[in-house]
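Chemist: For reference, this is structure-v2.txt, and it has compact mmCIF, C-alpha atoms.
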# COMPACT_ATOMS: atom_id res chain seq x y z
CA MET A 113 5.10 -33.77 -19.54
CA ARG A 114 2.95 -36.14 -21.55
CA SER A 115 4.32 -39.62 -21.90
CA GLY A 116 4.26 -41.52 -25.15
CA VAL A 117 3.94 -38.56 -27.52
CA GLY A 118 7.34 -37.03 -27.05
CA PHE A 119 9.38 -40.21 -27.17
CA GLN A 120 8.55 -40.99 -30.75
CA TYR A 121 11.98 -42.25 -31.63
CA GLN A 122 13.89 -44.55 -29.31
CA PRO A 123 15.96 -46.76 -31.61
CA ALA A 124 16.81 -50.23 -30.36
CA ALA A 125 20.50 -50.74 -29.77
CA ASN A 126 21.78 -52.38 -32.99
CA GLY A 127 18.36 -53.87 -33.58
CA THR A 128 18.63 -56.20 -30.57
CA ALA A 129 15.15 -55.36 -29.34
CA ALA A 130 13.60 -56.46 -32.61
CA ALA A 131 15.68 -59.64 -32.65
CA GLU A 132 14.72 -60.51 -29.08
CA SER A 133 11.02 -59.93 -29.74
CA SER A 134 11.06 -62.15 -32.83
CA SER A 135 13.04 -64.91 -31.16
CA SER A 136 10.79 -64.94 -28.10
CA SER A 137 7.58 -65.28 -30.14
CA SER A 138 5.54 -68.35 -29.12
CA VAL A 139 3.64 -68.65 -32.42
CA THR A 140 4.20 -72.09 -34.04
CA PRO A 141 4.93 -71.80 -37.77
CA THR A 142 2.66 -73.65 -40.17
CA PRO A 143 4.14 -76.20 -42.61
CA HIS A 144 3.71 -73.69 -45.42
CA GLN A 145 5.63 -71.06 -43.42
CA SER A 146 8.35 -73.59 -42.57
CA ALA A 147 8.75 -74.50 -46.22
CA SER A 148 8.93 -70.84 -47.21
CA SER A 149 11.56 -70.08 -44.60
CA THR A 150 13.60 -73.13 -45.62
CA ALA A 151 13.51 -72.05 -49.27
CA ALA A 152 14.55 -68.55 -48.33
CA SER A 153 17.49 -69.81 -46.29
CA ARG A 154 18.73 -72.08 -49.09
CA GLY A 155 18.79 -69.94 -52.19
CA THR A 156 17.50 -66.44 -51.57
CA GLY A 157 20.19 -64.69 -49.63
CA SER A 158 19.06 -61.42 -51.18
CA VAL A 159 15.87 -61.61 -49.11
CA ASN A 160 17.82 -61.50 -45.87
CA THR A 161 19.90 -58.62 -47.19
CA SER A 162 16.87 -56.56 -48.13
CA VAL A 163 15.24 -57.14 -44.74
CA SER A 164 18.43 -56.12 -42.99
CA GLY A 165 18.64 -53.02 -45.17
CA VAL A 166 15.08 -51.98 -44.33
CA SER A 167 15.77 -52.47 -40.64
CA SER A 168 18.90 -50.33 -40.80
CA ALA A 169 17.10 -47.62 -42.75
CA SER A 170 14.26 -47.63 -40.22
CA ASN A 171 16.67 -47.28 -37.31
CA LEU A 172 18.46 -44.47 -39.14
CA LYS A 173 15.18 -42.68 -39.76
CA CYS A 174 14.34 -42.97 -36.07
CA LEU A 175 17.50 -41.04 -35.20
CA LEU A 176 16.50 -38.02 -37.27
CA PRO A 177 15.14 -35.18 -35.11
CA GLN A 178 11.66 -33.93 -35.84
CA SER A 179 11.94 -30.16 -35.72
CA ALA A 180 9.08 -27.68 -35.78
CA GLU A 181 10.00 -24.43 -37.53
CA ILE A 182 8.27 -21.35 -36.11
CA LYS A 183 8.89 -17.94 -37.69
CA CYS A 184 8.30 -14.45 -36.38
CA GLY A 185 8.30 -12.34 -39.54
CA ASP A 186 11.83 -11.72 -40.78
CA GLN A 187 13.26 -11.32 -37.28
CA PHE A 188 13.41 -14.77 -35.69
CA LYS A 189 13.20 -18.41 -36.66
CA PHE A 190 12.80 -20.97 -33.89
CA LEU A 191 13.42 -24.69 -34.16
CA ILE A 192 11.59 -26.73 -31.51
CA LEU A 193 13.11 -30.17 -31.07
CA MET A 194 13.23 -33.14 -28.73
CA MET A 195 16.28 -33.70 -26.58
CA PRO A 196 18.93 -35.65 -28.52
CA THR A 197 20.86 -38.60 -27.20
CA ASP A 198 24.56 -39.24 -27.69
CA THR A 199 23.57 -41.52 -30.57
CA SER A 200 21.35 -38.99 -32.32
CA VAL A 201 23.52 -35.90 -31.70
CA PRO A 202 25.16 -36.11 -35.19
CA PHE A 203 21.71 -36.04 -36.82
CA PHE A 204 20.67 -33.23 -34.47
CA ILE A 205 23.66 -31.17 -35.58
CA GLN A 206 22.91 -31.99 -39.22
CA GLU A 207 19.42 -30.56 -38.76
CA LEU A 208 20.87 -27.39 -37.20
CA ASN A 209 23.33 -26.92 -40.05
CA LYS A 210 20.51 -27.27 -42.56
CA HIS A 211 18.94 -24.16 -41.02
CA ASN A 212 22.28 -22.39 -40.47
CA CYS A 213 21.57 -22.44 -36.73
CA LYS A 214 24.51 -21.82 -34.40
CA CYS A 215 22.71 -21.53 -31.06
CA VAL A 216 20.86 -24.18 -29.03
CA VAL A 217 18.95 -23.43 -25.83
CA ARG A 218 18.09 -26.39 -23.65
CA VAL A 219 15.50 -25.92 -20.93
CA CYS A 220 15.90 -29.37 -19.37
CA GLU A 221 18.65 -31.32 -17.64
CA SER A 222 21.77 -32.25 -19.59
CA ARG A 223 21.99 -35.86 -20.77
CA TYR A 224 24.35 -35.72 -23.73
CA SER A 225 27.90 -34.68 -24.50
CA LEU A 226 28.58 -31.14 -25.66
CA GLU A 227 31.85 -31.98 -27.40
CA PRO A 228 30.27 -32.56 -30.86
CA PHE A 229 28.58 -29.16 -30.61
CA LYS A 230 31.87 -27.47 -29.78
CA GLN A 231 33.50 -29.12 -32.77
CA ALA A 232 30.64 -27.89 -34.98
CA ASN A 233 30.97 -24.35 -33.56
CA ILE A 234 27.43 -24.44 -32.14
CA GLN A 235 26.72 -22.67 -28.87
CA VAL A 236 24.65 -24.53 -26.26
CA ILE A 237 23.00 -22.43 -23.53
CA ASP A 238 21.36 -23.92 -20.44
CA LEU A 239 18.12 -22.29 -19.30
CA PRO A 240 16.36 -25.00 -17.31
CA TYR A 241 13.10 -24.77 -15.41
CA GLN A 242 10.69 -27.29 -13.91
CA ASP A 243 8.95 -29.73 -16.23
CA GLY A 244 5.25 -29.06 -16.83
CA SER A 245 5.38 -25.61 -15.28
CA ALA A 246 5.57 -22.01 -16.47
CA PRO A 247 8.95 -20.23 -16.64
CA SER A 248 9.94 -17.79 -13.92
CA PRO A 249 10.45 -14.07 -14.64
CA GLU A 250 14.21 -14.63 -14.36
CA VAL A 251 14.12 -17.33 -17.05
CA ILE A 252 11.98 -15.15 -19.31
CA ASN A 253 14.25 -12.11 -18.90
CA THR A 254 17.34 -14.20 -19.68
CA TRP A 255 15.59 -15.67 -22.74
CA ILE A 256 14.54 -12.26 -24.07
CA GLU A 257 17.98 -10.77 -23.47
CA LEU A 258 19.54 -13.70 -25.32
CA LEU A 259 17.33 -13.10 -28.36
CA GLN A 260 18.00 -9.36 -28.27
CA GLY A 261 21.72 -10.04 -28.18
CA LYS A 262 21.58 -12.54 -31.04
CA ARG A 263 19.63 -10.10 -33.19
CA ALA A 264 22.06 -7.26 -32.45
CA GLU A 265 24.97 -9.59 -33.25
CA LEU A 266 23.45 -10.53 -36.61
CA GLN A 267 22.80 -6.88 -37.44
CA ARG A 268 26.42 -6.00 -36.68
CA GLU A 269 27.66 -8.80 -38.91
CA LYS A 270 25.45 -7.65 -41.77
CA LYS A 271 26.62 -4.07 -41.33
CA GLU A 272 30.27 -5.10 -41.42
CA GLN A 273 29.70 -7.21 -44.53
CA LYS A 274 27.93 -4.30 -46.19
CA GLU A 275 30.78 -1.92 -45.37
CA GLU A 276 33.38 -4.36 -46.66
CA GLY A 277 31.40 -4.85 -49.86
CA GLY A 278 31.07 -1.08 -50.30
CA LYS A 279 34.83 -0.59 -50.09
CA GLY A 280 35.47 -3.07 -52.87
CA SER A 281 32.78 -1.82 -55.26
CA THR A 282 33.30 0.99 -57.77
CA PRO A 283 30.70 3.75 -58.26
CA THR A 284 28.76 3.74 -61.52
CA SER A 285 26.74 6.46 -63.20
CA SER A 286 22.95 6.43 -63.33
CA ASN A 287 23.07 6.12 -67.14
CA ALA A 288 25.16 2.99 -66.91
CA ASN A 289 22.77 1.52 -64.37
CA SER A 290 19.80 2.31 -66.62
CA ALA A 291 21.47 0.68 -69.62
CA LEU A 292 22.30 -2.41 -67.56
CA THR A 293 18.72 -2.65 -66.38
CA GLU A 294 17.41 -2.38 -69.93
CA ASN A 295 19.74 -5.12 -71.12
CA ASN A 296 18.66 -7.39 -68.28
CA ASN A 297 14.99 -6.79 -69.04
CA HIS A 298 15.57 -7.55 -72.71
CA LEU A 299 17.37 -10.80 -71.88
CA ASN A 300 14.67 -11.82 -69.42
CA LYS A 301 11.95 -11.28 -72.03
CA HIS A 302 13.94 -13.24 -74.60
CA ASN A 303 14.58 -16.16 -72.23
CA SER A 304 11.02 -16.25 -70.94
CA ALA A 305 9.83 -17.56 -74.32
CA GLY A 306 11.73 -20.80 -73.84
CA SER A 307 11.56 -21.17 -70.10
CA SER A 308 8.92 -20.94 -67.42
CA SER A 309 8.63 -17.63 -65.60
CA PRO A 310 9.39 -17.56 -61.87
CA SER A 311 6.47 -17.65 -59.49
CA GLY A 312 5.44 -14.74 -57.32
CA SER A 313 7.00 -16.31 -54.24
CA ASP A 314 10.31 -16.76 -56.04
CA LYS A 315 10.28 -13.12 -57.10
CA GLU A 316 9.67 -12.04 -53.52
CA LYS A 317 12.58 -14.14 -52.31
CA GLU A 318 14.86 -12.49 -54.84
CA LYS A 319 14.17 -9.10 -53.28
CA ASP A 320 15.32 -7.83 -49.94
CA LYS A 321 12.80 -6.56 -47.43
CA ASP A 322 14.44 -3.14 -47.71
CA GLY A 323 13.64 -3.02 -51.44
CA LYS A 324 17.30 -2.91 -52.43
CA GLY A 325 17.33 -6.29 -54.10
CA GLY A 326 19.78 -9.08 -53.38
CA LYS A 327 19.37 -11.92 -50.92
CA GLU A 328 16.37 -12.47 -48.70
CA LYS A 329 16.74 -11.21 -45.15
CA GLU A 330 18.11 -13.91 -42.90
CA PRO A 331 16.37 -14.05 -39.51
CA VAL A 332 17.99 -14.95 -36.20
CA CYS A 333 17.77 -18.75 -35.93
CA VAL A 334 17.67 -20.30 -32.45
CA ALA A 335 16.99 -23.96 -31.67
CA ILE A 336 15.38 -24.86 -28.37
CA HIS A 337 14.55 -28.21 -26.81
CA CYS A 338 13.22 -29.81 -23.66
CA VAL A 339 12.86 -33.58 -23.19
CA ALA A 340 9.92 -34.20 -25.53
CA GLY A 341 9.68 -30.78 -27.21
CA LEU A 342 6.07 -30.37 -26.10
CA GLY A 343 6.14 -28.23 -22.98
CA ARG A 344 8.95 -26.04 -21.77
CA ALA A 345 10.51 -25.32 -25.18
CA PRO A 346 7.23 -24.36 -26.93
CA VAL A 347 6.29 -22.11 -23.98
CA LEU A 348 9.45 -20.03 -24.31
CA VAL A 349 8.94 -19.78 -28.06
CA ALA A 350 5.38 -18.61 -27.39
CA VAL A 351 6.70 -15.94 -25.01
CA ALA A 352 9.13 -14.72 -27.67
CA LEU A 353 6.36 -14.49 -30.28
CA MET A 354 4.19 -12.54 -27.85
CA GLU A 355 7.08 -10.20 -27.13
CA CYS A 356 7.21 -9.65 -30.89
CA GLY A 357 3.62 -8.41 -30.75
CA MET A 358 1.52 -11.51 -31.44
CA LYS A 359 -1.59 -12.51 -29.46
CA SER A 360 -1.49 -15.46 -27.06
CA LEU A 361 -4.20 -17.55 -28.73
CA GLU A 362 -2.70 -16.92 -32.16
CA VAL A 363 0.69 -18.02 -30.87
CA VAL A 364 -0.60 -21.22 -29.26
CA GLU A 365 -2.54 -22.11 -32.40
CA GLN A 366 0.52 -21.61 -34.58
CA ILE A 367 2.75 -23.72 -32.34
CA ARG A 368 0.25 -26.54 -31.96
CA ALA A 369 -0.19 -26.65 -35.73
CA LYS A 370 3.52 -27.47 -36.02
CA ARG A 371 3.89 -29.37 -32.72
CA ARG A 372 0.79 -31.40 -32.00
CA GLY A 373 0.00 -31.81 -28.30
CA ALA A 374 2.26 -28.97 -27.21
CA ILE A 375 1.60 -26.78 -24.12
CA ASN A 376 -0.41 -28.23 -21.21
CA GLN A 377 -3.26 -26.51 -19.40
CA THR A 378 -1.04 -24.92 -16.74
CA GLN A 379 1.21 -23.45 -19.40
CA LEU A 380 -1.78 -22.37 -21.49
CA ASP A 381 -3.21 -20.45 -18.53
CA PHE A 382 0.15 -18.79 -18.03
CA LEU A 383 0.35 -17.68 -21.67
CA THR A 384 -3.24 -16.45 -21.66
CA ASN A 385 -2.51 -14.18 -18.69
CA TYR A 386 1.00 -13.20 -19.81
CA LYS A 387 1.52 -9.44 -20.09
CA SER A 388 3.83 -8.79 -23.00
CA LYS A 389 6.08 -5.76 -22.93
CA LYS A 390 6.77 -6.01 -26.68
CA ARG A 391 10.49 -6.19 -25.97
CA LEU A 392 11.21 -7.93 -29.28
CA LYS A 393 8.95 -5.82 -31.46
CA GLN A 394 11.00 -4.27 -34.24
CA ASN A 395 9.37 -0.81 -34.27
CA ARG A 396 9.78 -0.51 -30.53
CA ASN A 397 13.49 -1.28 -30.78
CA LYS A 398 13.97 1.39 -33.42
CA LEU A 399 12.13 3.90 -31.21
CA MET A 400 14.27 3.00 -28.20
CA ALA A 401 17.39 3.44 -30.32
CA CYS A 402 16.23 6.93 -31.28
CA PHE A 403 15.70 7.81 -27.62
CA GLN A 404 19.20 6.57 -26.79
CA ILE A 405 20.72 8.69 -29.57
CA MET A 406 18.83 11.78 -28.45
As structure tokens, how would this structure be written, given the file I've shared?
Modeler:
Amino acid sequence: MRSGVGFQYQPAANGTAAAESSSSSSVTPTPHQSASSTAASRGTGSVNTSVSGVSSASNLKCLLPQSAEIKCGDQFKFLILMMPTDTSVPFFIQELNKHNCKCVVRVCESRYSLEPFKQANIQVIDLPYQDGSAPSPEVINTWIELLQGKRAELQREKKEQKEEGGKGSTPTSSNANSALTENNNHLNKHNSAGSSSPSGSDKEKEKDKDGKGGKEKEPVCVAIHCVAGLGRAPVLVAVALMECGMKSLEVVEQIRAKRRGAINQTQLDFLTNYKSKKRLKQNRNKLMACFQIM
């Protein structure tokens, strides 16, 4: 794993590192600097407060995880992150909640407590393999089966919600639906004169992929991390994208655009020669389901 790139945020404990470095400086202040510091210590207490506030804000910003969001159509959304510490776990969980992510896969050794994740109802799954290397077939199979299970689980939940919503709704006639549509169109035209019209992307988000309207399809969201978020985690995400039907070079380019410096030469060679079975491709899953029914 590359050193230096991955460990972008290592906050000093309570700012002690910064204090020690400033106190150990051997530079002799000039008379002008001494006068300025004396004036600041006498009557400008606000200066010290502002400096302290900036330092605290900087340390807080360092704790925030830098996630790379990789999407595979409307099926999967992957969050590639660095490994959190016990100090940064709350910010890590905050990032997961922002994406409505309830599953974390860690492919490195455990170095932080899982208790905060349990309290947040977030599942943490261990799938470790050697740093800087390619995953074994066993790791890949477990990873693919996990994603297949998460997708099936989400589909079941949506089906149950749809059935519950259908029980509570009352049937309406086609004439009533047409009248309601006309009224809505009339109101939209009337309101468009005084307000800006929604953009094309907003209109697309308002429609479902099935063409039935309503909310946008929510993909399966899985977070994955290694130590630096540059090797093992991106490789497994690349494998998943290839199993969805994407090409290896396209996958690597997409990941590196979001995660600069990701995937070393050994892992790149592995992905280039990887033979995808398209186990996560949506059309293939529908075909397999038809064979099972028959």
Chemist: Calculate how many Å separate CA of Lys389 (chain A) from CA of Leu353 (chain A), rounding to one decimal.
Modeler: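 Answer for the CA of Lys389 (chain A) to CA of Leu353 (chain A) separation: 11.4 Å.
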Chemist: CA of Gln379 (chain A) and CA of Glu181 (chain A) are how many Å apart?
Modeler: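 CA of Glu181 (chain A) lies at a distance of 20.2 Å from CA of Gln379 (chain A).
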Chemist: Please identify all polymer residues within 9 Å of Leu383 (chain A), counting all atoms listed in the file, omitting same-chain residues fewer than 6 positions from it, and present them as a VMD selection string.
Modeler: chain A and resid 246 347 350 to 351 354 360 to 361 364
Chemist: Between CA of Val217 (chain A) and CA of Val334 (chain A), measure the distance and give it in Å to one decimal.
Modeler: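 It comes out at 7.4 Å.
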Chemist: Do a neighbour search on Ile205 (chain A) at 9 Å with only C-alpha atoms, toss out local chain neighbours closer than 6 positions, and write the hits as a CSV table (one decimal) with C-alpha atoms, in the frame of the given file.
Modeler:
chain,number,residue,atom,x,y,z
A,228,PRO,CA,30.3,-32.6,-30.9
A,229,PHE,CA,28.6,-29.2,-30.6
A,232,ALA,CA,30.6,-27.9,-35.0
A,234,ILE,CA,27.4,-24.4,-32.1
Chemist: Taking all atoms of region 191-200 of chain A that appear in the file, build a box with edges along x, y and z, extend it by 5 Å on every side, and state its centre and edge lengths in Å to one decimal, as JSON.
Modeler:
{"center_x": 18.1, "center_y": -33.1, "center_z": -30.4, "size_x": 23.0, "size_y": 26.8, "size_z": 17.6}
Chemist: Give me the residues near Ile237 (chain A) as a ChimeraX atom specification, where near means some atom within 12 Å (using all atoms listed in the file) and where sequence neighbours in that chain fewer than 3 positions away do not count.
Modeler: /A:214-222,226,229-230,234,240,254-255,258-259,334-337
Chemist: Counting all atoms listed in the file, figure out which residue out of A:Ala374, A:Gln235, A:Leu392, A:Ala264 gets nearest to Met194 (chain A).
Modeler: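 Nearest candidate to Met194 (chain A) out of A:Ala374, A:Gln235, A:Leu392, A:Ala264: A:Ala374.
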Chemist: Name the residues within 10 Å of (0.8, -29.8, -29.8), counting only C-alpha atoms in the file's coordinates, and put them as a list in words.
Modeler: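 Selection result: Val117, Gly341, Leu342, Gly343, Pro346, Val364, Glu365, Gln366, Ile367, Arg368, Ala369, Lys370, Arg371, Arg372, Gly373, Ala374, Ile375 and Asn376 of chain A.
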Chemist: Compare A:Gln242, A:Gln377, A:Gln231, A:Gln187 by their minimum atom-to-atom distance to Arg263 (chain A), counting only C-alpha atoms, and give me the closest one.
Modeler: A:Gln187
Chemist: Could you tell me which of A:Gln394, A:Glu355, A:Gln206, A:Val363 comes closest to Asn253 (chain A) if we count only C-alpha atoms?
Modeler: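 Looking at the shortest contact to Asn253 (chain A), the residue is A:Glu355.
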Chemist: Taking only C-alpha atoms into account, which of A:Thr197, A:Ser245, A:Ser179, A:Ser225 comes nearest Lys210 (chain A)?
Modeler: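 Among A:Thr197, A:Ser245, A:Ser179, A:Ser225, it is A:Ser179 that comes nearest to Lys210 (chain A).
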